[in-house]
$ cat target32.cif   # mmCIF, C-alpha atoms
data_start
#
loop_
_atom_site.group_PDB
_atom_site.id
_atom_site.type_symbol
_atom_site.label_atom_id
_atom_site.label_comp_id
_atom_site.auth_asym_id
_atom_site.auth_seq_id
_atom_site.Cartn_x
_atom_site.Cartn_y
_atom_site.Cartn_z
ATOM 1 C CA MET R 234 -5.667 53.837 -21.791
ATOM 2 C CA THR R 235 -2.814 53.742 -19.248
ATOM 3 C CA GLU R 236 -2.001 57.029 -17.585
ATOM 4 C CA ILE R 237 0.931 58.378 -15.544
ATOM 5 C CA PHE R 238 0.157 61.369 -13.297
ATOM 6 C CA GLY R 239 -3.071 61.762 -15.242
ATOM 7 C CA ILE R 240 -1.225 61.969 -18.581
ATOM 8 C CA PRO R 241 -1.780 59.271 -21.252
ATOM 9 C CA THR R 242 1.421 57.236 -21.629
ATOM 10 C CA ALA R 243 1.423 57.733 -25.407
ATOM 11 C CA ALA R 244 1.501 61.516 -24.974
ATOM 12 C CA LEU R 245 4.083 61.349 -22.163
ATOM 13 C CA PHE R 246 6.535 59.083 -23.965
ATOM 14 C CA GLY R 247 5.939 60.916 -27.238
ATOM 15 C CA GLN R 248 7.022 64.207 -25.650
ATOM 16 C CA LEU R 249 9.956 62.476 -23.949
ATOM 17 C CA LEU R 250 11.081 61.247 -27.362
ATOM 18 C CA ILE R 251 10.775 64.764 -28.815
ATOM 19 C CA GLY R 252 12.775 66.064 -25.855
ATOM 20 C CA LEU R 253 15.442 63.424 -26.411
ATOM 21 C CA ILE R 254 15.646 64.334 -30.106
ATOM 22 C CA ASN R 255 15.986 68.033 -29.289
ATOM 23 C CA GLY R 256 18.522 67.108 -26.626
ATOM 24 C CA SER R 257 20.576 65.250 -29.223
ATOM 25 C CA PHE R 258 20.903 68.422 -31.299
ATOM 26 C CA TYR R 259 21.496 70.563 -28.204
ATOM 27 C CA ALA R 260 24.294 68.197 -27.163
ATOM 28 C CA LEU R 261 25.971 68.090 -30.589
ATOM 29 C CA LEU R 262 25.832 71.844 -31.090
ATOM 30 C CA SER R 263 26.852 72.737 -27.543
ATOM 31 C CA LEU R 264 29.678 70.198 -27.818
ATOM 32 C CA GLY R 265 31.053 72.047 -30.842
ATOM 33 C CA LEU R 266 30.734 75.361 -28.996
ATOM 34 C CA ALA R 267 32.435 73.922 -25.916
ATOM 35 C CA VAL R 268 35.324 72.541 -27.984
ATOM 36 C CA ILE R 269 35.871 75.887 -29.710
ATOM 37 C CA PHE R 270 35.592 77.965 -26.540
ATOM 38 C CA GLY R 271 37.497 75.560 -24.308
ATOM 39 C CA LEU R 272 40.427 75.162 -26.680
ATOM 40 C CA LEU R 273 40.404 78.479 -28.596
ATOM 41 C CA ASN R 274 38.700 80.903 -26.170
ATOM 42 C CA ILE R 275 36.351 82.088 -28.941
ATOM 43 C CA ILE R 276 32.592 82.472 -28.422
ATOM 44 C CA ASN R 277 31.467 81.198 -31.824
ATOM 45 C CA PHE R 278 28.113 82.845 -32.595
ATOM 46 C CA THR R 279 28.436 81.608 -36.187
ATOM 47 C CA HIS R 280 27.630 78.094 -34.948
ATOM 48 C CA GLY R 281 23.926 78.335 -35.750
ATOM 49 C CA ALA R 282 24.644 79.482 -39.310
ATOM 50 C CA GLN R 283 27.145 76.631 -39.729
ATOM 51 C CA TYR R 284 24.507 74.163 -38.517
ATOM 52 C CA MET R 285 22.170 75.591 -41.166
ATOM 53 C CA MET R 286 24.932 75.319 -43.790
ATOM 54 C CA GLY R 287 25.333 71.615 -43.018
ATOM 55 C CA ALA R 288 21.642 71.027 -43.695
ATOM 56 C CA PHE R 289 21.778 73.061 -46.913
ATOM 57 C CA VAL R 290 24.889 71.247 -48.169
ATOM 58 C CA ALA R 291 23.047 67.938 -47.665
ATOM 59 C CA TRP R 292 19.999 69.322 -49.494
ATOM 60 C CA LEU R 293 22.119 70.628 -52.381
ATOM 61 C CA LEU R 294 24.038 67.360 -52.661
ATOM 62 C CA LEU R 295 20.757 65.465 -52.972
ATOM 63 C CA ASN R 296 18.938 67.843 -55.321
ATOM 64 C CA LYS R 297 21.834 69.000 -57.527
ATOM 65 C CA LEU R 298 24.180 66.012 -57.570
ATOM 66 C CA GLY R 299 21.963 63.112 -56.527
ATOM 67 C CA ILE R 300 24.192 62.319 -53.542
ATOM 68 C CA GLY R 301 22.120 60.869 -50.714
ATOM 69 C CA TYR R 302 22.021 61.125 -46.951
ATOM 70 C CA TRP R 303 24.801 58.720 -45.978
ATOM 71 C CA TRP R 304 27.450 60.411 -48.110
ATOM 72 C CA ALA R 305 26.161 63.807 -46.973
ATOM 73 C CA LEU R 306 26.972 62.815 -43.372
ATOM 74 C CA ILE R 307 30.636 62.743 -44.437
ATOM 75 C CA ILE R 308 30.795 65.407 -47.154
ATOM 76 C CA ALA R 309 28.792 68.203 -45.482
ATOM 77 C CA PRO R 310 30.890 68.378 -42.260
ATOM 78 C CA ILE R 311 34.072 68.437 -44.362
ATOM 79 C CA VAL R 312 32.793 71.183 -46.691
ATOM 80 C CA VAL R 313 31.468 73.360 -43.868
ATOM 81 C CA GLY R 314 34.544 72.580 -41.768
ATOM 82 C CA ILE R 315 36.740 73.944 -44.586
ATOM 83 C CA THR R 316 34.769 77.198 -44.555
ATOM 84 C CA GLY R 317 35.414 77.294 -40.807
ATOM 85 C CA VAL R 318 39.138 76.827 -41.389
ATOM 86 C CA LEU R 319 39.099 79.787 -43.793
ATOM 87 C CA ILE R 320 37.237 81.952 -41.252
ATOM 88 C CA GLU R 321 39.730 81.035 -38.543
ATOM 89 C CA ARG R 322 42.796 81.652 -40.714
ATOM 90 C CA LEU R 323 41.591 84.901 -42.259
ATOM 91 C CA MET R 324 39.844 86.537 -39.304
ATOM 92 C CA LEU R 325 39.619 84.781 -35.950
ATOM 93 C CA LYS R 326 43.362 84.208 -35.466
ATOM 94 C CA ARG R 327 43.775 87.984 -35.101
ATOM 95 C CA LEU R 328 41.492 88.032 -32.046
ATOM 96 C CA TYR R 329 42.914 85.347 -29.751
ATOM 97 C CA LYS R 330 44.725 87.824 -27.495
ATOM 98 C CA LEU R 331 41.806 90.243 -27.330
ATOM 99 C CA ASP R 332 38.716 90.269 -25.135
ATOM 100 C CA HIS R 333 36.032 87.607 -25.814
ATOM 101 C CA LEU R 334 33.646 90.353 -26.888
ATOM 102 C CA TYR R 335 35.571 90.936 -30.140
ATOM 103 C CA GLY R 336 35.236 87.307 -31.185
ATOM 104 C CA LEU R 337 31.548 87.326 -30.271
ATOM 105 C CA LEU R 338 30.873 90.450 -32.345
ATOM 106 C CA LEU R 339 32.842 89.154 -35.334
ATOM 107 C CA THR R 340 31.176 85.732 -35.373
ATOM 108 C CA PHE R 341 27.755 87.351 -34.867
ATOM 109 C CA GLY R 342 28.375 89.528 -37.931
ATOM 110 C CA ILE R 343 29.547 86.541 -39.980
ATOM 111 C CA ALA R 344 26.401 84.631 -38.961
ATOM 112 C CA LEU R 345 24.176 87.485 -40.161
ATOM 113 C CA ILE R 346 26.021 87.623 -43.494
ATOM 114 C CA ILE R 347 25.721 83.854 -44.053
ATOM 115 C CA GLN R 348 22.024 83.787 -43.159
ATOM 116 C CA GLY R 349 21.357 86.805 -45.369
ATOM 117 C CA LEU R 350 23.072 85.186 -48.354
ATOM 118 C CA PHE R 351 21.106 81.943 -47.979
ATOM 119 C CA ARG R 352 17.834 83.818 -47.442
ATOM 120 C CA HIS R 353 18.471 85.869 -50.592
ATOM 121 C CA GLU R 354 19.239 82.739 -52.624
ATOM 122 C CA TYR R 355 16.639 80.285 -51.284
ATOM 123 C CA GLY R 356 13.992 82.434 -49.605
ATOM 124 C CA SER R 357 12.590 82.023 -46.121
ATOM 125 C CA SER R 358 10.364 79.002 -46.757
ATOM 126 C CA GLY R 359 11.724 75.614 -45.747
ATOM 127 C CA GLN R 360 12.921 72.940 -48.142
ATOM 128 C CA PRO R 361 11.953 69.289 -47.484
ATOM 129 C CA TYR R 362 14.620 66.603 -47.146
ATOM 130 C CA ALA R 363 13.511 62.976 -47.266
ATOM 131 C CA ILE R 364 14.364 60.396 -44.613
ATOM 132 C CA PRO R 365 16.740 57.769 -46.083
ATOM 133 C CA SER R 366 14.854 54.631 -47.149
ATOM 134 C CA GLN R 367 16.911 52.418 -44.800
ATOM 135 C CA LEU R 368 15.540 54.323 -41.794
ATOM 136 C CA MET R 369 11.881 54.546 -42.774
ATOM 137 C CA GLY R 370 9.247 53.020 -40.505
ATOM 138 C CA ALA R 371 9.101 52.568 -36.752
ATOM 139 C CA GLN R 372 9.593 50.008 -34.008
ATOM 140 C CA ASN R 373 6.804 48.977 -31.631
ATOM 141 C CA LEU R 374 8.276 49.137 -28.121
ATOM 142 C CA GLY R 375 5.020 48.147 -26.481
ATOM 143 C CA PHE R 376 4.427 51.461 -24.745
ATOM 144 C CA MET R 377 5.120 53.591 -27.845
ATOM 145 C CA PHE R 378 6.216 53.533 -31.472
ATOM 146 C CA LEU R 379 9.811 54.658 -32.005
ATOM 147 C CA PRO R 380 10.483 56.047 -35.514
ATOM 148 C CA ASN R 381 13.664 54.426 -36.832
ATOM 149 C CA TYR R 382 15.185 57.698 -37.966
ATOM 150 C CA ARG R 383 14.719 59.398 -34.617
ATOM 151 C CA GLY R 384 16.249 56.420 -32.837
ATOM 152 C CA TRP R 385 19.222 56.656 -35.195
ATOM 153 C CA VAL R 386 19.665 60.362 -34.457
ATOM 154 C CA VAL R 387 19.791 59.766 -30.699
ATOM 155 C CA ALA R 388 22.228 56.843 -31.034
ATOM 156 C CA ALA R 389 24.498 58.629 -33.538
ATOM 157 C CA SER R 390 24.564 61.788 -31.421
ATOM 158 C CA LEU R 391 25.565 59.804 -28.326
ATOM 159 C CA ILE R 392 28.343 58.012 -30.214
ATOM 160 C CA VAL R 393 29.759 61.232 -31.697
ATOM 161 C CA CYS R 394 29.568 63.123 -28.389
ATOM 162 C CA LEU R 395 31.192 60.406 -26.281
ATOM 163 C CA SER R 396 33.869 59.750 -28.925
ATOM 164 C CA THR R 397 34.761 63.445 -28.986
ATOM 165 C CA TRP R 398 34.946 63.552 -25.190
ATOM 166 C CA PHE R 399 37.213 60.468 -25.166
ATOM 167 C CA VAL R 400 39.606 61.918 -27.759
ATOM 168 C CA ILE R 401 39.923 65.263 -25.989
ATOM 169 C CA GLU R 402 40.083 63.999 -22.403
ATOM 170 C CA ARG R 403 41.737 60.577 -22.690
ATOM 171 C CA THR R 404 44.211 60.609 -25.598
ATOM 172 C CA LYS R 405 47.636 62.109 -26.281
ATOM 173 C CA LEU R 406 46.155 64.286 -29.044
ATOM 174 C CA GLY R 407 43.657 65.720 -26.586
ATOM 175 C CA ALA R 408 46.438 66.369 -24.083
ATOM 176 C CA TYR R 409 48.355 68.308 -26.744
ATOM 177 C CA LEU R 410 45.223 70.316 -27.555
ATOM 178 C CA ARG R 411 44.605 71.226 -23.924
ATOM 179 C CA ALA R 412 48.270 72.038 -23.339
ATOM 180 C CA ALA R 413 48.387 74.227 -26.452
ATOM 181 C CA THR R 414 45.678 76.476 -25.007
ATOM 182 C CA GLU R 415 47.546 76.882 -21.713
ATOM 183 C CA ASN R 416 51.154 77.186 -22.925
ATOM 184 C CA PRO R 417 51.474 77.241 -26.734
ATOM 185 C CA THR R 418 55.170 78.151 -26.631
ATOM 186 C CA LEU R 419 56.059 75.065 -24.587
ATOM 187 C CA VAL R 420 53.983 72.748 -26.807
ATOM 188 C CA GLN R 421 55.565 74.266 -29.935
ATOM 189 C CA GLY R 422 58.944 73.433 -28.386
ATOM 190 C CA PHE R 423 58.012 69.743 -28.637
ATOM 191 C CA GLY R 424 57.659 70.110 -32.413
ATOM 192 C CA VAL R 425 53.880 70.515 -32.481
ATOM 193 C CA ASN R 426 52.498 72.978 -35.037
ATOM 194 C CA VAL R 427 50.192 74.842 -32.640
ATOM 195 C CA PRO R 428 48.594 77.272 -35.179
ATOM 196 C CA ARG R 429 47.661 74.347 -37.432
ATOM 197 C CA MET R 430 46.264 72.430 -34.458
ATOM 198 C CA ILE R 431 44.132 75.411 -33.445
ATOM 199 C CA THR R 432 42.864 75.843 -37.012
ATOM 200 C CA LEU R 433 41.916 72.171 -37.312
ATOM 201 C CA THR R 434 40.233 72.277 -33.898
ATOM 202 C CA TYR R 435 38.008 75.145 -35.022
ATOM 203 C CA GLY R 436 37.268 73.296 -38.259
ATOM 204 C CA PHE R 437 36.325 70.199 -36.232
ATOM 205 C CA GLY R 438 33.969 72.184 -34.008
ATOM 206 C CA VAL R 439 32.327 73.682 -37.084
ATOM 207 C CA GLY R 440 32.085 70.207 -38.632
ATOM 208 C CA LEU R 441 30.143 69.009 -35.576
ATOM 209 C CA ALA R 442 27.602 71.782 -36.184
ATOM 210 C CA ALA R 443 27.313 70.778 -39.850
ATOM 211 C CA LEU R 444 26.853 67.115 -38.879
ATOM 212 C CA ALA R 445 23.989 68.122 -36.596
ATOM 213 C CA GLY R 446 22.499 70.072 -39.504
ATOM 214 C CA VAL R 447 22.582 67.031 -41.794
ATOM 215 C CA MET R 448 20.879 64.870 -39.165
ATOM 216 C CA ALA R 449 18.277 67.590 -38.529
ATOM 217 C CA ALA R 450 17.418 68.027 -42.219
ATOM 218 C CA PRO R 451 14.942 65.079 -42.466
ATOM 219 C CA ILE R 452 13.225 66.106 -39.209
ATOM 220 C CA TYR R 453 12.977 69.880 -39.613
ATOM 221 C CA GLN R 454 12.649 71.696 -42.915
ATOM 222 C CA VAL R 455 15.899 73.076 -44.310
ATOM 223 C CA SER R 456 15.667 76.859 -44.073
ATOM 224 C CA PRO R 457 18.001 79.851 -43.520
ATOM 225 C CA GLN R 458 16.320 80.515 -40.138
ATOM 226 C CA MET R 459 16.849 77.036 -38.674
ATOM 227 C CA GLY R 460 20.152 78.014 -37.060
ATOM 228 C CA SER R 461 19.071 81.353 -35.625
ATOM 229 C CA ASP R 462 16.043 79.686 -34.006
ATOM 230 C CA LEU R 463 18.310 77.257 -32.160
ATOM 231 C CA ILE R 464 21.549 79.054 -31.327
ATOM 232 C CA ILE R 465 20.200 81.061 -28.361
ATOM 233 C CA VAL R 466 18.945 77.883 -26.681
ATOM 234 C CA VAL R 467 22.273 76.159 -27.368
ATOM 235 C CA PHE R 468 24.205 79.028 -25.796
ATOM 236 C CA ALA R 469 21.987 78.692 -22.724
ATOM 237 C CA VAL R 470 22.825 74.968 -22.627
ATOM 238 C CA VAL R 471 26.554 75.731 -22.798
ATOM 239 C CA VAL R 472 26.296 78.331 -20.016
ATOM 240 C CA ILE R 473 24.389 75.913 -17.777
ATOM 241 C CA GLY R 474 26.869 73.088 -18.417
ATOM 242 C CA GLY R 475 29.892 75.361 -18.005
ATOM 243 C CA MET R 476 31.709 77.205 -20.775
ATOM 244 C CA GLY R 477 34.388 74.941 -22.216
ATOM 245 C CA SER R 478 33.257 71.790 -20.369
ATOM 246 C CA ILE R 479 32.994 68.924 -22.876
ATOM 247 C CA MET R 480 31.110 66.476 -20.664
ATOM 248 C CA GLY R 481 29.029 69.346 -19.267
ATOM 249 C CA ALA R 482 27.852 70.206 -22.791
ATOM 250 C CA ILE R 483 26.866 66.590 -23.497
ATOM 251 C CA LEU R 484 25.027 65.864 -20.233
ATOM 252 C CA THR R 485 23.341 69.262 -20.092
ATOM 253 C CA GLY R 486 22.244 69.075 -23.741
ATOM 254 C CA PHE R 487 20.479 65.738 -23.337
ATOM 255 C CA GLY R 488 19.164 66.583 -19.855
ATOM 256 C CA LEU R 489 17.650 69.921 -20.827
ATOM 257 C CA GLY R 490 16.082 68.420 -23.934
ATOM 258 C CA ILE R 491 14.278 65.881 -21.728
ATOM 259 C CA ILE R 492 13.251 68.561 -19.199
ATOM 260 C CA GLU R 493 11.875 70.671 -22.056
ATOM 261 C CA GLY R 494 9.891 67.680 -23.345
ATOM 262 C CA LEU R 495 8.411 66.955 -19.891
ATOM 263 C CA THR R 496 7.516 70.626 -19.462
ATOM 264 C CA LYS R 497 5.474 70.459 -22.682
ATOM 265 C CA VAL R 498 3.425 67.685 -21.068
ATOM 266 C CA PHE R 499 2.820 69.140 -17.598
ATOM 267 C CA TYR R 500 3.023 72.906 -18.217
ATOM 268 C CA PRO R 501 3.112 73.674 -21.978
ATOM 269 C CA GLU R 502 3.113 77.457 -21.462
ATOM 270 C CA ALA R 503 6.569 77.286 -19.868
ATOM 271 C CA SER R 504 8.186 74.944 -22.406
ATOM 272 C CA SER R 505 9.805 77.754 -24.405
ATOM 273 C CA THR R 506 11.275 79.456 -21.327
ATOM 274 C CA VAL R 507 12.144 76.609 -18.931
ATOM 275 C CA ILE R 508 15.767 76.367 -20.171
ATOM 276 C CA PHE R 509 16.333 80.085 -19.599
ATOM 277 C CA VAL R 510 14.769 79.883 -16.125
ATOM 278 C CA ILE R 511 17.152 77.037 -15.298
ATOM 279 C CA MET R 512 20.051 79.089 -16.683
ATOM 280 C CA ALA R 513 19.172 82.030 -14.433
ATOM 281 C CA ILE R 514 18.962 79.784 -11.356
ATOM 282 C CA VAL R 515 22.251 78.028 -12.154
ATOM 283 C CA LEU R 516 24.072 81.330 -12.715
ATOM 284 C CA LEU R 517 22.815 82.623 -9.367
ATOM 285 C CA ILE R 518 23.987 79.516 -7.515
ATOM 286 C CA ARG R 519 27.033 78.516 -9.557
ATOM 287 C CA PRO R 520 28.218 81.233 -11.993
ATOM 288 C CA ALA R 521 30.757 78.903 -13.673
ATOM 289 C CA GLY R 522 27.995 76.439 -14.636
ATOM 290 C CA LEU R 523 27.229 72.952 -13.365
ATOM 291 C CA PHE R 524 30.433 71.393 -14.697
ATOM 292 C CA GLY R 525 32.562 74.509 -15.155
ATOM 293 C CA THR R 526 35.525 75.530 -13.022
ATOM 294 C CA GLU R 527 36.084 78.878 -11.400
ATOM 295 C CA LYS R 528 39.091 80.823 -12.734
#

$ encode --input "target32.cif" --output "structure tokens"
Amino acid sequence: MTEIFGIPTAALFGQLLIGLINGSFYALLSLGLAVIFGLLNIINFTHGAQYMMGAFVAWLLLNKLGIGYWWALIIAPIVVGITGVLIERLMLKRLYKLDHLYGLLLTFGIALIIQGLFRHEYGSSGQPYAIPSQLMGAQNLGFMFLPNYRGWVVAASLIVCLSTWFVIERTKLGAYLRAATENPTLVQGFGVNVPRMITLTYGFGVGLAALAGVMAAPIYQVSPQMGSDLIIVVFAVVVIGGMGSIMGAILTGFGLGIIEGLTKVFYPEASSTVIFVIMAIVLLIRPAGLFGTEK
């Protein structure tokens, strides 16, 4: 059996694949957080619960209405995004001029309420969600077998992340969004409905979390705890990349997922803490994050 640094290649590449899968979800979730914070200045602690809601909407669509995975990829982000719009309109819009702490406390409370409701209704045990038949099986790459579904998750995550970055950083719409956060009065003078733009931006960020939840459903069991288990790590990813940095969220998400996977191979005991160690080091050296800017 071929080995690299004394590690069997099958084990090494298997953990790298797991790291890349985790990195895909880190990138998608941290991207949504970065969009919301960068454009709305809100630290959205509800993001983990909204990720969980996306997975549950997909599960309910399949088990109650017979609507499969591919339609769930479209329907779940829209449904959860609408709930995000309602949260923004009814509660968050009152906090934009206040300290970040108020938004953090409010969204943390909302997350606890959502998780409590789902736990009361569906219990704490996970619910299985089948991989779509079109993505069953695996490809033999010579050095490892790549499950089709996991390859799809990585590719889809990359496409969504890079498309979002392009829209925000390279299009007129993105320029309006960025300008609206800096000088909303001026942008409104050009006939742009800034409050509606802000609301839709929050809904879009929430929709990204729900999309990640749908893609995670066939890999991890659908449970009320799935978001709370992930959100702390995702916040660490966002801090390392730089709060509000779109490209920082994408690169850091994938990079830290791979580092976490390699750590499980060479030093398994540190795999659950390596991201937080990196966060501490980055904050000591560069408090604004790797891709953030000092204000």

$ resolve_selection --input "target32.cif" --expression "the PyMOL selection byres ((chain R and resi 521) around 12)" --output "PyMOL selection string"
chain R and resi 471-478+481+512+515-520+522-528

$ write_last_selection --input "target32.cif" --atoms "C-alpha atoms" --output "CSV table (one decimal), keeping the file's coordinate frame"
chain,number,residue,atom,x,y,z
R,471,VAL,CA,26.6,75.7,-22.8
R,472,VAL,CA,26.3,78.3,-20.0
R,473,ILE,CA,24.4,75.9,-17.8
R,474,GLY,CA,26.9,73.1,-18.4
R,475,GLY,CA,29.9,75.4,-18.0
R,476,MET,CA,31.7,77.2,-20.8
R,477,GLY,CA,34.4,74.9,-22.2
R,478,SER,CA,33.3,71.8,-20.4
R,481,GLY,CA,29.0,69.3,-19.3
R,512,MET,CA,20.1,79.1,-16.7
R,515,VAL,CA,22.3,78.0,-12.2
R,516,LEU,CA,24.1,81.3,-12.7
R,517,LEU,CA,22.8,82.6,-9.4
R,518,ILE,CA,24.0,79.5,-7.5
R,519,ARG,CA,27.0,78.5,-9.6
R,520,PRO,CA,28.2,81.2,-12.0
R,522,GLY,CA,28.0,76.4,-14.6
R,523,LEU,CA,27.2,73.0,-13.4
R,524,PHE,CA,30.4,71.4,-14.7
R,525,GLY,CA,32.6,74.5,-15.2
R,526,THR,CA,35.5,75.5,-13.0
R,527,GLU,CA,36.1,78.9,-11.4
R,528,LYS,CA,39.1,80.8,-12.7

$ resolve_selection --input "target32.cif" --expression "the PyMOL selection byres ((chain R and resi 301) around 12)" --output "count of residues only"
27

$ atom_distance --input "target32.cif" --atom1 "atom CA of Leu337 of chain R" --atom2 "atom CA of Ala282 of chain R"
13.8 Å

$ closest_residue --input "target32.cif" --among "R:Leu250, R:Leu350, R:Ile315, R:Ala288" --to "Thr434 of chain R" --atoms "all atoms listed in the file"
R:Ile315

$ atom_distance --input "target32.cif" --atom1 "atom CA of Met377 of chain R" --atom2 "atom CA of Ile392 of chain R"
23.8 Å

$ residues_around --input "target32.cif" --residues "Arg429 of chain R" --least-positions-apart "4" --cutoff "12 Å" --atoms "all atoms listed in the file" --output "PyMOL selection string"
chain R and resi 318-319+321-322+326+410+413+417+421+424-425+433-436

$ atom_distance --input "target32.cif" --atom1 "atom CA of Leu323 of chain R" --atom2 "atom CA of Met286 of chain R"
19.3 Å

$ resolve_selection --input "target32.cif" --expression "the PyMOL selection byres ((chain R and resi 456) around 8)" --output "VMD selection string"
chain R and resid 285 289 357 to 360 454 to 455 457 to 459

$ closest_residue --input "target32.cif" --among "R:Leu249, R:Gly440, R:Ser504, R:Thr340" --to "Met324 of chain R" --atoms "all atoms listed in the file"
R:Thr340

$ residues_around --input "target32.cif" --residues "Thr397 of chain R" --least-positions-apart "2" --cutoff "12 Å" --atoms "only C-alpha atoms" --output "list in words"
Ala260, Leu261, Leu264, Gly265, Ala267, Val268, Ser390, Leu391, Ile392, Val393, Cys394, Leu395, Phe399, Val400, Ile401, Glu402, Arg403, Thr404, Leu406, Gly407, Thr434, Phe437, Gly438, Leu441, Ile479, Met480, Ala482 and Ile483 of chain R

$ closest_residue --input "target32.cif" --among "R:Asn426, R:Gln372, R:Asn277, R:Thr496" --to "Leu325 of chain R" --atoms "all atoms listed in the file"
R:Asn277
